[in-house]
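Just my_file-v2.txt here, compact mmCIF, C-alpha atoms and all ligand atoms:
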# COMPACT_ATOMS: atom_id res chain seq x y z
CA MET A 6 119.82 84.30 80.86
CA SER A 7 116.51 82.44 81.36
CA ALA A 8 113.15 84.21 81.05
CA GLU A 9 112.69 83.92 84.83
CA GLN A 10 115.76 86.07 85.43
CA THR A 11 114.64 89.00 83.28
CA VAL A 12 114.71 92.16 85.37
CA PHE A 13 111.49 94.10 85.80
CA ALA A 14 112.28 97.76 85.03
CA ALA A 15 111.56 100.28 87.80
CA GLN A 16 108.28 102.20 87.92
CA PRO A 17 106.74 104.36 90.65
CA LEU A 18 104.99 102.47 93.44
CA PRO A 19 101.48 103.88 94.05
CA ASN A 20 101.33 106.09 97.15
CA TRP A 21 100.05 104.21 100.15
CA LYS A 22 99.27 104.63 103.84
CA ARG A 23 97.83 101.21 104.65
CA ALA A 24 98.84 98.07 102.79
CA VAL A 25 98.18 94.37 102.96
CA LEU A 26 101.42 92.46 102.36
CA LYS A 27 100.99 88.83 101.32
CA VAL A 28 103.97 86.53 101.69
CA GLY A 29 103.80 83.09 100.05
CA SER A 30 105.16 79.75 101.25
CA SER A 31 107.65 79.91 98.39
CA LEU A 32 109.52 82.58 100.38
CA LEU A 33 109.32 80.98 103.78
CA ALA A 34 109.57 77.21 103.49
CA GLY A 35 112.95 75.90 104.60
CA THR A 36 114.62 73.54 102.13
CA ASP A 37 116.48 70.33 102.89
CA LYS A 38 119.62 72.09 101.72
CA LEU A 39 119.11 74.80 104.28
CA PRO A 40 117.27 73.22 107.18
CA SER A 41 116.04 75.63 109.79
CA GLU A 42 114.98 74.86 113.30
CA ASP A 43 111.32 75.71 112.84
CA GLY A 44 110.96 74.75 109.16
CA LEU A 45 110.85 78.41 108.14
CA ASP A 46 113.65 80.11 106.29
CA PRO A 47 114.44 83.60 107.61
CA ARG A 48 116.63 84.57 104.61
CA TYR A 49 113.93 86.43 102.66
CA ALA A 50 111.56 86.99 105.57
CA ALA A 51 114.16 89.08 107.40
CA VAL A 52 114.31 91.57 104.50
CA LEU A 53 110.51 91.73 104.35
CA ALA A 54 110.43 92.23 108.13
CA ARG A 55 112.78 95.21 107.73
CA PHE A 56 110.47 96.60 105.08
CA ILE A 57 107.53 96.39 107.51
CA ILE A 58 109.51 98.06 110.30
CA GLU A 59 110.61 100.87 108.00
CA ALA A 60 107.10 101.40 106.62
CA ARG A 61 105.77 101.75 110.14
CA SER A 62 108.49 104.23 111.05
CA GLN A 63 107.24 106.30 108.07
CA GLY A 64 103.75 106.34 109.64
CA ARG A 65 102.33 103.61 107.41
CA GLU A 66 100.30 100.58 108.47
CA VAL A 67 100.83 97.00 107.33
CA VAL A 68 98.60 93.95 107.66
CA LEU A 69 100.60 90.82 106.93
CA VAL A 70 98.95 87.83 105.25
CA SER A 71 101.42 85.00 105.64
CA SER A 72 101.39 81.45 104.33
CA GLY A 73 103.90 78.96 105.70
CA ALA A 74 101.98 77.12 108.43
CA VAL A 75 102.08 73.81 106.53
CA ALA A 76 105.81 74.20 105.95
CA ALA A 77 106.39 74.94 109.64
CA GLY A 78 104.16 72.03 110.69
CA ARG A 79 106.08 69.62 108.52
CA ARG A 80 109.21 70.21 110.57
CA ARG A 81 107.45 69.34 113.81
CA ILE A 82 106.07 65.93 112.99
CA GLU A 83 106.74 63.12 110.51
CA SER A 84 103.81 63.07 108.10
CA THR A 85 104.26 61.01 104.99
CA ASN A 86 100.80 61.34 103.56
CA SER A 87 100.11 64.68 101.92
CA GLY A 88 96.34 64.62 101.42
CA PRO A 89 94.15 67.60 102.39
CA VAL A 90 93.48 66.37 105.93
CA GLN A 91 97.19 65.83 106.59
CA ARG A 92 97.90 69.33 105.28
CA GLN A 93 95.16 70.75 107.50
CA ALA A 94 96.75 69.04 110.50
CA LEU A 95 100.20 70.32 109.49
CA ALA A 96 98.83 73.86 109.18
CA ALA A 97 97.42 73.62 112.72
CA LEU A 98 100.75 72.29 113.97
CA GLY A 99 102.74 75.06 112.30
CA GLN A 100 100.55 78.12 112.78
CA ALA A 101 101.87 79.15 116.22
CA THR A 102 105.45 78.73 114.98
CA LEU A 103 104.68 80.92 111.97
CA VAL A 104 103.36 83.76 114.12
CA SER A 105 106.26 83.67 116.57
CA PHE A 106 108.69 83.53 113.61
CA TRP A 107 107.38 86.89 112.35
CA GLN A 108 107.25 88.35 115.83
CA ARG A 109 110.90 87.44 116.33
CA LEU A 110 111.93 88.96 113.00
CA THR A 111 109.96 92.21 113.32
CA GLY A 112 110.03 92.75 117.08
CA ILE A 113 106.43 93.99 116.75
CA PRO A 114 103.66 92.46 118.92
CA ALA A 115 102.13 89.96 116.53
CA ALA A 116 98.41 89.16 116.49
CA GLN A 117 97.17 85.93 114.95
CA VAL A 118 94.07 86.33 112.79
CA LEU A 119 92.62 83.22 111.13
CA LEU A 120 89.92 83.84 108.54
CA SER A 121 87.93 81.85 106.03
CA HIS A 122 86.04 83.03 102.96
CA ASP A 123 82.79 82.18 104.76
CA ASP A 124 83.68 84.77 107.39
CA MET A 125 83.72 87.45 104.69
CA LEU A 126 80.30 86.45 103.39
CA ASN A 127 78.63 86.65 106.79
CA ARG A 128 77.84 90.31 107.47
CA ARG A 129 78.27 90.16 111.26
CA ARG A 130 81.51 88.17 111.14
CA TYR A 131 82.76 90.52 108.43
CA LEU A 132 82.12 93.57 110.64
CA ASN A 133 83.65 91.85 113.68
CA ALA A 134 86.79 90.98 111.71
CA ARG A 135 86.95 94.55 110.40
CA ASN A 136 86.64 96.04 113.88
CA THR A 137 89.28 93.68 115.32
CA LEU A 138 91.77 94.38 112.54
CA ARG A 139 91.23 98.14 112.80
CA GLU A 140 91.74 97.99 116.56
CA LEU A 141 94.94 95.94 116.13
CA LEU A 142 96.28 98.60 113.77
CA ARG A 143 95.23 101.36 116.12
CA VAL A 144 97.17 99.85 119.03
CA GLY A 145 100.25 99.32 116.85
CA ALA A 146 100.17 95.51 116.63
CA LEU A 147 101.13 93.56 113.52
CA PRO A 148 98.08 91.56 112.41
CA ILE A 149 99.22 88.30 110.82
CA VAL A 150 96.42 86.73 108.81
CA ASN A 151 96.31 83.18 107.49
CA GLU A 152 93.44 81.18 106.12
CA ASN A 153 91.77 79.14 108.85
CA ASP A 154 92.86 75.86 107.26
CA THR A 155 91.20 73.69 109.91
CA VAL A 156 87.75 74.69 108.69
CA ALA A 157 88.40 76.06 105.20
CA ILE A 158 89.09 73.45 102.64
CA ASP A 159 88.63 73.30 98.93
CA LYS A 160 88.17 69.90 97.31
CA LEU A 161 91.26 70.36 95.21
CA ARG A 162 93.70 72.35 97.23
CA LEU A 163 94.31 73.67 100.69
CA GLY A 164 94.04 77.36 101.16
CA ASP A 165 94.41 80.33 98.94
CA ASN A 166 95.96 83.22 100.75
CA ASP A 167 96.13 85.38 97.62
CA ASN A 168 92.34 85.67 97.57
CA ILE A 169 92.23 85.98 101.37
CA ALA A 170 94.69 88.89 101.08
CA ALA A 171 92.41 90.65 98.56
CA ALA A 172 89.43 90.21 100.87
CA VAL A 173 91.46 91.54 103.83
CA ALA A 174 92.61 94.54 101.77
CA SER A 175 89.04 95.59 101.22
CA LEU A 176 88.08 94.65 104.80
CA VAL A 177 90.62 97.10 106.26
CA ASP A 178 90.19 99.74 103.51
CA ALA A 179 93.82 99.30 102.45
CA ASP A 180 95.10 101.47 99.63
CA LEU A 181 97.55 98.87 98.29
CA LEU A 182 97.79 95.08 98.03
CA MET A 183 101.39 93.87 97.89
CA ILE A 184 102.05 90.25 96.89
CA ALA A 185 105.60 89.01 97.47
CA THR A 186 106.38 85.81 95.63
CA ASP A 187 109.33 83.82 94.28
CA ILE A 188 109.34 85.33 90.80
CA GLY A 189 109.90 88.88 89.46
CA GLY A 190 106.25 89.44 88.58
CA LEU A 191 103.78 88.41 85.92
CA TYR A 192 105.08 87.14 82.57
CA THR A 193 103.28 86.73 79.26
CA ALA A 194 103.52 82.94 79.79
CA HIS A 195 104.88 80.53 82.40
CA PRO A 196 108.60 81.38 82.18
CA LYS A 197 109.66 77.89 83.22
CA TYR A 198 108.25 76.38 80.03
CA GLU A 199 108.30 79.35 77.67
CA PRO A 200 111.78 80.85 77.19
CA SER A 201 110.38 83.79 75.22
CA ALA A 202 108.04 84.80 78.10
CA ALA A 203 108.35 88.55 78.70
CA PRO A 204 107.69 90.57 81.88
CA ILE A 205 104.41 92.49 82.07
CA LEU A 206 105.01 95.75 83.93
CA LYS A 207 101.48 97.12 84.04
CA VAL A 208 98.01 95.60 83.79
CA ASP A 209 95.03 97.92 83.34
CA ARG A 210 92.45 95.15 83.63
CA VAL A 211 92.69 91.42 84.34
CA THR A 212 91.43 89.86 81.09
CA ASP A 213 90.68 86.21 80.20
CA GLU A 214 93.79 86.24 78.04
CA LEU A 215 95.92 87.16 81.05
CA LEU A 216 94.26 84.53 83.22
CA LEU A 217 95.17 81.97 80.58
CA ALA A 218 98.81 83.13 80.58
CA ALA A 219 98.85 82.71 84.34
CA SER A 220 97.11 79.37 84.52
CA GLY A 221 100.30 77.30 84.59
CA ASP A 222 101.28 75.29 87.66
CA PRO A 223 102.59 77.02 90.78
CA GLY A 224 106.20 76.86 91.91
CA GLU A 225 107.48 73.88 93.89
CA LEU A 226 106.36 75.24 97.27
CA GLY A 227 103.41 77.45 96.41
CA THR A 228 99.74 76.62 96.14
CA GLY A 229 97.85 78.78 93.69
CA GLY A 230 100.52 80.05 91.30
CA MET A 231 99.94 83.24 89.32
CA LEU A 232 96.29 82.47 88.68
CA THR A 233 95.16 83.09 92.26
CA LYS A 234 97.32 86.22 92.33
CA LEU A 235 95.49 87.59 89.31
CA GLU A 236 92.13 86.63 90.80
CA ALA A 237 93.14 88.49 93.94
CA ALA A 238 94.28 91.54 91.96
CA SER A 239 91.01 91.54 90.06
CA LYS A 240 89.00 91.53 93.32
CA ALA A 241 91.17 94.26 94.81
CA SER A 242 90.76 96.30 91.63
CA THR A 243 86.97 96.15 91.90
CA ALA A 244 87.29 97.43 95.46
CA GLY A 245 89.42 100.31 94.17
CA ILE A 246 92.74 98.92 95.40
CA PRO A 247 95.81 98.50 93.13
CA THR A 248 97.99 95.39 93.47
CA VAL A 249 101.73 94.99 93.05
CA LEU A 250 103.47 91.66 92.44
CA PHE A 251 107.19 91.47 93.11
CA CYS A 252 110.00 89.10 93.97
CA GLY A 253 110.39 88.70 97.72
CA ARG A 254 113.68 86.87 97.20
CA ASP A 255 115.44 89.94 95.92
CA ALA A 256 116.61 92.26 98.70
CA ASP A 257 117.21 95.11 96.22
CA VAL A 258 113.61 94.85 94.97
CA ILE A 259 112.29 95.07 98.52
CA ARG A 260 114.57 97.95 99.45
CA ALA A 261 113.43 99.83 96.33
CA LEU A 262 109.82 99.52 97.54
CA SER A 263 110.73 101.49 100.66
CA ASP A 264 111.96 104.24 98.32
CA GLY A 265 108.73 104.20 96.31
CA ARG A 266 110.08 102.21 93.35
CA LEU A 267 108.51 99.02 92.08
CA HIS A 268 110.41 96.34 90.16
CA GLY A 269 107.52 94.04 89.41
CA THR A 270 103.99 94.11 87.99
CA LEU A 271 101.48 96.84 88.81
CA LEU A 272 97.81 95.90 88.44
CA MET A 273 95.69 99.01 88.37
CA ALA A 274 92.48 99.62 90.33
CA GLU A 275 89.25 100.09 88.38
CA SER A 276 88.30 103.19 90.35
CA ASP A 277 89.24 104.86 93.60
CA PRO A 278 88.19 103.01 96.79
CA LEU A 279 85.57 105.59 97.73
CA THR A 280 83.84 105.33 94.37
CA ALA A 281 83.99 101.52 94.51
CA ARG A 282 82.46 101.52 97.99
CA LYS A 283 79.71 103.90 96.96
CA GLN A 284 78.92 101.75 93.91
CA TRP A 285 78.56 98.77 96.21
CA LEU A 286 76.29 100.69 98.60
CA ARG A 287 74.08 101.77 95.72
CA HIS A 288 73.41 98.22 94.59
CA ALA A 289 73.54 96.07 97.74
CA PRO A 290 70.11 94.80 98.89
CA SER A 291 68.59 96.99 101.57
CA CYS A 292 67.14 95.61 104.80
CA GLY A 293 65.01 98.53 105.97
CA SER A 294 64.59 102.28 105.85
CA LEU A 295 64.67 105.48 107.87
CA MET A 296 62.09 108.23 107.26
CA VAL A 297 63.75 111.60 107.75
CA ASP A 298 62.42 115.14 108.09
CA GLY A 299 63.07 117.92 105.58
CA GLY A 300 65.94 119.38 107.62
CA ALA A 301 67.85 116.10 107.67
CA ALA A 302 67.19 115.51 103.95
CA ALA A 303 68.52 118.97 103.13
CA ALA A 304 71.62 118.47 105.33
CA LEU A 305 72.45 115.22 103.57
CA HIS A 306 72.07 116.82 100.16
CA ARG A 307 73.63 120.21 100.72
CA ARG A 308 76.35 119.53 103.22
CA GLY A 309 77.21 115.87 102.67
CA ALA A 310 76.58 115.43 106.41
CA SER A 311 76.20 112.23 108.43
CA LEU A 312 72.61 111.35 109.37
CA LEU A 313 71.91 112.07 113.06
CA PRO A 314 69.10 110.44 115.06
CA GLY A 315 67.35 113.80 115.61
CA GLY A 316 66.37 113.99 111.93
CA VAL A 317 64.88 110.49 111.81
CA VAL A 318 61.10 110.34 112.31
CA ARG A 319 60.41 106.63 111.78
CA VAL A 320 62.23 103.32 111.36
CA GLU A 321 60.88 100.66 109.00
CA GLY A 322 61.92 97.02 108.70
CA GLU A 323 64.18 94.80 110.75
CA PHE A 324 67.91 95.24 110.26
CA ARG A 325 71.12 94.82 112.17
CA ARG A 326 74.03 97.14 112.73
CA GLY A 327 76.12 97.10 109.54
CA ASP A 328 73.20 96.30 107.21
CA VAL A 329 72.46 98.49 104.21
CA ILE A 330 69.36 100.66 104.72
CA GLU A 331 67.61 103.38 102.74
CA VAL A 332 66.89 106.96 103.71
CA VAL A 333 63.50 108.28 102.60
CA ASN A 334 62.18 111.84 102.85
CA GLU A 335 58.88 111.70 104.79
CA GLN A 336 57.46 114.74 102.91
CA PRO A 337 56.95 114.14 100.06
CA HIS A 338 57.12 110.41 100.49
CA GLY A 339 59.13 109.71 97.33
CA PRO A 340 61.86 107.32 96.23
CA ALA A 341 64.84 106.71 98.52
CA LEU A 342 67.17 109.69 98.61
CA ALA A 343 70.21 107.92 100.05
CA ARG A 344 71.52 104.53 101.15
CA GLY A 345 74.03 103.67 103.82
CA LEU A 346 75.23 101.33 106.54
CA ALA A 347 73.19 101.32 109.74
CA GLN A 348 75.28 102.24 112.78
CA TYR A 349 72.57 100.78 115.03
CA GLY A 350 70.21 97.83 114.66
CA ALA A 351 66.50 98.56 114.05
CA ALA A 352 65.43 97.97 117.68
CA ASP A 353 68.06 100.38 119.06
CA MET A 354 67.38 102.83 116.24
CA ARG A 355 63.67 103.01 117.23
CA ARG A 356 64.69 103.98 120.76
CA ILE A 357 66.88 106.92 119.67
CA VAL A 358 64.67 108.36 116.93
CA ARG A 359 64.18 112.14 117.40
CA ARG A 360 66.79 112.18 120.19
CA HIS A 361 69.83 114.42 120.29
CA SER A 362 73.08 112.52 119.58
CA ASN A 363 74.42 113.21 123.05
CA GLU A 364 71.43 111.32 124.55
CA ILE A 365 72.25 108.05 122.75
CA GLU A 366 74.39 106.63 125.53
CA ALA A 367 71.87 107.49 128.23
CA VAL A 368 69.03 105.84 126.28
CA LEU A 369 70.85 102.69 125.07
CA GLY A 370 73.52 102.33 127.74
CA PHE A 371 76.21 102.36 125.00
CA THR A 372 77.05 104.27 121.85
CA PHE A 373 78.53 103.50 118.46
CA GLY A 374 78.94 107.22 117.77
CA GLU A 375 76.74 110.26 117.18
CA SER A 376 75.42 109.37 113.72
CA VAL A 377 72.94 106.69 112.67
CA ILE A 378 74.57 106.57 109.23
CA HIS A 379 78.11 107.93 108.95
CA ARG A 380 78.80 110.11 105.91
CA ASP A 381 81.64 107.76 104.81
CA ASP A 382 79.11 104.94 104.67
CA LEU A 383 76.44 106.93 102.84
CA VAL A 384 75.69 107.43 99.16
CA LEU A 385 73.19 109.95 97.80
CA LEU A 386 70.87 108.74 95.07
CA ASN A 387 69.49 110.65 92.09
CA THR A 388 72.04 113.45 92.26
CA GLU A 389 74.24 114.67 89.43
CA GLU A 390 77.24 113.14 91.19
CA ASN A 391 75.61 109.74 90.85
CA ALA A 392 74.09 110.11 87.44
N1 LIG B 401 102.58 83.78 83.67
C1 LIG B 401 103.30 83.52 84.79
N2 LIG B 401 104.19 84.46 85.23
C2 LIG B 401 104.91 84.25 86.35
N3 LIG B 401 104.84 83.11 87.11
C3 LIG B 401 103.98 82.14 86.74
C4 LIG B 401 103.17 82.30 85.55
N4 LIG B 401 102.39 81.18 85.45
C5 LIG B 401 102.69 80.36 86.48
N5 LIG B 401 103.65 80.93 87.28
C6 LIG B 401 104.20 80.28 88.51
O1 LIG B 401 103.65 80.89 89.67
C7 LIG B 401 104.64 80.80 90.72
C8 LIG B 401 104.28 81.72 91.89
O2 LIG B 401 103.14 81.20 92.59
P1 LIG B 401 103.27 80.23 93.89
O3 LIG B 401 104.27 79.17 93.62
O4 LIG B 401 101.89 79.81 94.29
O5 LIG B 401 103.94 81.21 94.94
P2 LIG B 401 103.51 81.74 96.41
O6 LIG B 401 103.93 80.67 97.37
O7 LIG B 401 104.36 82.98 96.51
O8 LIG B 401 102.04 82.01 96.43
C9 LIG B 401 105.89 81.17 89.97
O9 LIG B 401 107.08 80.76 90.65
C10 LIG B 401 105.72 80.42 88.65
O10 LIG B 401 106.26 79.11 88.76
N1 LIG B 402 97.44 78.38 104.63
C1 LIG B 402 98.55 77.64 104.01
C2 LIG B 402 99.02 78.28 102.72
C3 LIG B 402 98.07 78.35 101.58
C4 LIG B 402 98.59 79.25 100.43
O1 LIG B 402 97.84 80.07 99.87
O2 LIG B 402 99.92 79.11 100.09
P1 LIG B 402 100.74 80.08 99.09
O3 LIG B 402 100.26 79.84 97.66
O4 LIG B 402 102.15 79.69 99.28
O5 LIG B 402 100.50 81.48 99.50
C5 LIG B 402 99.77 77.67 104.95
O6 LIG B 402 99.86 78.54 105.83
O7 LIG B 402 100.65 76.84 104.75
Here is a file; write its structure as C-alpha cells.
Ligand SMILES: Nc1ncnc2c1ncn2[C@@H]1O[C@H](COP(=O)(O)OP(=O)(O)O)[C@@H](O)[C@H]1O
Ligand SMILES: N[C@@H](CCC(=O)OP(=O)(O)O)C(=O)O
Amino acid sequence: MSAEQTVFAAQPLPNWKRAVLKVGSSLLAGTDKLPSEDGLDPRYAAVLARFIIEARSQGREVVLVSSGAVAAGRRRIESTNSGPVQRQALAALGQATLVSFWQRLTGIPAAQVLLSHDDMLNRRRYLNARNTLRELLRVGALPIVNENDTVAIDKLRLGDNDNIAAAVASLVDADLLMIATDIGGLYTAHPKYEPSAAPILKVDRVTDELLLAASGDPGELGTGGMLTKLEAASKASTAGIPTVLFCGRDADVIRALSDGRLHGTLLMAESDPLTARKQWLRHAPSCGSLMVDGGAAAALHRRGASLLPGGVVRVEGEFRRGDVIEVVNEQPHGPALARGLAQYGAADMRRIVRRHSNEIEAVLGFTFGESVIHRDDLVLLNTEENA
C-alpha cells in the first residue's frame, strides 16, 4: 500500500452551524478517460452535494467555495496556450457552467459570488460582501464563491481558492472551514515522493516545519497544493475558526462527516471566534470617537449592553459605517473605555446623537438598527476580562 492510501483514523468533527466548504479542481475536473459534457466530473461532486443538502436539512448553513472554472472553460473552447491570460479567459468561459453544475447537483438556488483578495482589504467592499453573503444564507440560497480570476492574478499562478475560502470563513463568521481535496489529509511529507510519509491527524499550530513538509508540488489538476491549504488554515485559526482537510474522492469519508466523524486532518483554532474578533477590535486603527455620558458608560461596563444614540453626547472625527471607533467617557475625560464598529457614518451619527433609538428612522430616513455600536462588535478596554 502506498503512503497516499494510508487511512486517516476517525476523530470527532468539531461542532458546527455554519461552514465554508472548499472544493478543489482536483475533485471536479473531468479527465480524458471520463469526458463529461461540461468538462466537470459529477462523480465526487454528487456526494459533496448530498452532504450539503443533508447539512441544510439539519439546520446548518454552508457557503461553497468552488474551483473548477478553468476546467469547465477548457471544454468549451480549444485553447492550446496555458499562460495566465489564457487561464483567465478559460475561467471566465467556465464560471457560468460551474455554477449551474452545482445548482443541478444540489437543487438549491445557487448564487454566484466572485471575490478577490483586494475586496477583503477594502473596508466598504468587505462589509458589502459580508452583507450579501449573510442575506444569501438568510434566504436559503447556496452561495458559490470563486476567485474573480478576470481581475485577480498573481505573477506565478492563477487563483488561490484555499486562501479565499479562509477569508470567506471569517467574512461570514463561520465556525468551521472544510477543505475537500484529492488526498486523505496532510502527511509528514509529500506522499508521492516519500513512501514513509505518515498522516497527521491533528495540528495545534501551523509551524514553519509543517509548511516545509507541505511545500511540495500540487496534484496534477490543483493549483496551490498543501501549502495554500496550510496558509488558509493558519488564517482561519487566527480568526478563531478550525479547519478540516479530507479526501473528497472518498464517499465514506464524506458520509462520516455528516455523522460528525472526521477521517482527515484537523487544524485547531488559536482561540474562539469571539475572542479573536475582540482581539482584532482592540488593535485595529480607530477612525474617530464617541463621547458618552455616565449612564451609557455604566451600561456598557455593567451590563455588556450595546451603545444607543441617546447616551452619545458628541461625535469626533470622520468615519464611515463599519469603521473602528473609540468610546470615551465625557466625565472624566479619560482614556478610551471601549472600541467597536460604527453602525452609522460620522455625519449620520451627528444627526442622531442624544435621540431615542426609535427616532433614528424619522431623522435619517433609514435605519441600520437601534444601536450605534452593537454589543457583538464592541470590546471593553481596561477591564479584568481584557487584562
Ligand atoms: N505534505 C503533503 N501532504 C499531502 N499532500 C501534499 C503534501 N505536499 C504536497 N501535497 C500535494 O497537494 C495535493 C493537493 O493540492 P491540490 O492539488 O492543489 O488540490 P486542490 O485542487 O484540491 O486544491 C495533493 O494531491 C498532493 O499531491
Ligand atoms: N479559480 C480557479 C481555481 C484556482 C484554485 O485555487 O484551484 P484549486 O487549487 O484547484 O482549488 C478555477 O475556478 O479554475
Got a sec: who's within 12 Å of Glu152 of chain A, counting only C-alpha atoms, leaving out chain neighbours fewer than 3 positions off, as a PyMOL selection string? chain A and resi 27+70-75+93+96-97+100+117-125+149+155-159+163-170+172-173
C-alpha atoms of the current selection, written as an mmCIF file, keeping the file's coordinate frame:
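Everything below was put into result_23.cif:
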data_model
loop_
_atom_site.group_PDB
_atom_site.id
_atom_site.type_symbol
_atom_site.label_atom_id
_atom_site.label_comp_id
_atom_site.auth_asym_id
_atom_site.auth_seq_id
_atom_site.Cartn_x
_atom_site.Cartn_y
_atom_site.Cartn_z
ATOM 1 C CA LYS A 27 100.990 88.830 101.320
ATOM 2 C CA VAL A 70 98.950 87.830 105.250
ATOM 3 C CA SER A 71 101.420 85.000 105.640
ATOM 4 C CA SER A 72 101.390 81.450 104.330
ATOM 5 C CA GLY A 73 103.900 78.960 105.700
ATOM 6 C CA ALA A 74 101.980 77.120 108.430
ATOM 7 C CA VAL A 75 102.080 73.810 106.530
ATOM 8 C CA GLN A 93 95.160 70.750 107.500
ATOM 9 C CA ALA A 96 98.830 73.860 109.180
ATOM 10 C CA ALA A 97 97.420 73.620 112.720
ATOM 11 C CA GLN A 100 100.550 78.120 112.780
ATOM 12 C CA GLN A 117 97.170 85.930 114.950
ATOM 13 C CA VAL A 118 94.070 86.330 112.790
ATOM 14 C CA LEU A 119 92.620 83.220 111.130
ATOM 15 C CA LEU A 120 89.920 83.840 108.540
ATOM 16 C CA SER A 121 87.930 81.850 106.030
ATOM 17 C CA HIS A 122 86.040 83.030 102.960
ATOM 18 C CA ASP A 123 82.790 82.180 104.760
ATOM 19 C CA ASP A 124 83.680 84.770 107.390
ATOM 20 C CA MET A 125 83.720 87.450 104.690
ATOM 21 C CA ILE A 149 99.220 88.300 110.820
ATOM 22 C CA THR A 155 91.200 73.690 109.910
ATOM 23 C CA VAL A 156 87.750 74.690 108.690
ATOM 24 C CA ALA A 157 88.400 76.060 105.200
ATOM 25 C CA ILE A 158 89.090 73.450 102.640
ATOM 26 C CA ASP A 159 88.630 73.300 98.930
ATOM 27 C CA LEU A 163 94.310 73.670 100.690
ATOM 28 C CA GLY A 164 94.040 77.360 101.160
ATOM 29 C CA ASP A 165 94.410 80.330 98.940
ATOM 30 C CA ASN A 166 95.960 83.220 100.750
ATOM 31 C CA ASP A 167 96.130 85.380 97.620
ATOM 32 C CA ASN A 168 92.340 85.670 97.570
ATOM 33 C CA ILE A 169 92.230 85.980 101.370
ATOM 34 C CA ALA A 170 94.690 88.890 101.080
ATOM 35 C CA ALA A 172 89.430 90.210 100.870
ATOM 36 C CA VAL A 173 91.460 91.540 103.830
#
I need the residue nearest Lys234 of chain A from this list: A:Phe251, A:Phe56, A:Trp107, A:Phe324. Use only C-alpha atoms for the distance.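 The answer is A:Phe251, which sits nearest to Lys234 of chain A.
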Nearest residue to Thr243 of chain A out of A:Ala34, A:Met273, A:Leu147, A:Cys292, using only C-alpha atoms? A:Met273
Could you state the separation of atom CA of Ala101 of chain A and atom CA of Ser175 of chain A in Å, given to one decimal place?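 Distance between the two atoms: 25.7 Å.
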Would you mind listing what lies within 7 Å of segment 343-351 of chain A as a ChimeraX atom specification, with all atoms listed in the file counted and same-chain residues fewer than 3 positions away left out? /A:286-287,320,323-332,354-355,373,377-378,382-386
Mind giving me the straight-line distance from atom O2 of ligand LIG 401 (chain B) to atom CA of Gly29 of chain A in Å, one decimal?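 Answer for the atom O2 of ligand LIG 401 (chain B) to atom CA of Gly29 of chain A separation: 7.7 Å.
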Measure the distance from atom CA of Ala134 of chain A to atom CA of Leu369 of chain A in Å and round it to one decimal.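 A separation of 23.9 Å between them.
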Tell me which protein, DNA and RNA residues are within 7 Å of Glu66 of chain A, counting all atoms listed in the file, leaving out same-chain ones fewer than 2 positions away, and put them as a list in words. Lys22, Arg23, Ala24, Arg61, Gly64, Val68 and Leu142 of chain A
Quick one: of A:Asn153, A:Thr280, A:Asn127, A:Thr270, who's nearest to ligand LIG 402 (chain B), counting only C-alpha atoms and all ligand atoms?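 When distances to ligand LIG 402 (chain B) are compared using only C-alpha atoms and all ligand atoms, the smallest one comes from A:Asn153.
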Counting all atoms listed in the file, figure out which residue out of A:Ile365, A:Leu110, A:Ala115, A:Ile205 gets nearest to ligand LIG 401 (chain B).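 Comparing A:Ile365, A:Leu110, A:Ala115, A:Ile205 against ligand LIG 401 (chain B), the winner is A:Ile205.
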Of the candidates A:Asp255, A:Asp298, A:Glu275, A:Asp264, which one gets nearest to Lys240 of chain A if we count all atoms listed in the file?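 Of A:Asp255, A:Asp298, A:Glu275, A:Asp264, the one nearest Lys240 of chain A, counting all atoms listed in the file, is A:Glu275.
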If we count all atoms listed in the file and set the cut-off at 12 Å, which residues sit around Gly145 of chain A, ignoring sequence neighbours fewer than 4 positions away in its own chain? Please answer as an mmCIF file with C-alpha atoms, in the frame of the given file.
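Output file around-v5.cif follows:
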data_model
loop_
_atom_site.group_PDB
_atom_site.id
_atom_site.type_symbol
_atom_site.label_atom_id
_atom_site.label_comp_id
_atom_site.auth_asym_id
_atom_site.auth_seq_id
_atom_site.Cartn_x
_atom_site.Cartn_y
_atom_site.Cartn_z
ATOM 1 C CA ILE A 58 109.510 98.060 110.300
ATOM 2 C CA ARG A 61 105.770 101.750 110.140
ATOM 3 C CA SER A 62 108.490 104.230 111.050
ATOM 4 C CA GLY A 64 103.750 106.340 109.640
ATOM 5 C CA ARG A 65 102.330 103.610 107.410
ATOM 6 C CA GLU A 66 100.300 100.580 108.470
ATOM 7 C CA VAL A 67 100.830 97.000 107.330
ATOM 8 C CA VAL A 68 98.600 93.950 107.660
ATOM 9 C CA GLY A 112 110.030 92.750 117.080
ATOM 10 C CA ILE A 113 106.430 93.990 116.750
ATOM 11 C CA PRO A 114 103.660 92.460 118.920
ATOM 12 C CA ALA A 115 102.130 89.960 116.530
ATOM 13 C CA ALA A 116 98.410 89.160 116.490
ATOM 14 C CA LEU A 138 91.770 94.380 112.540
ATOM 15 C CA ARG A 139 91.230 98.140 112.800
ATOM 16 C CA GLU A 140 91.740 97.990 116.560
ATOM 17 C CA LEU A 141 94.940 95.940 116.130
#
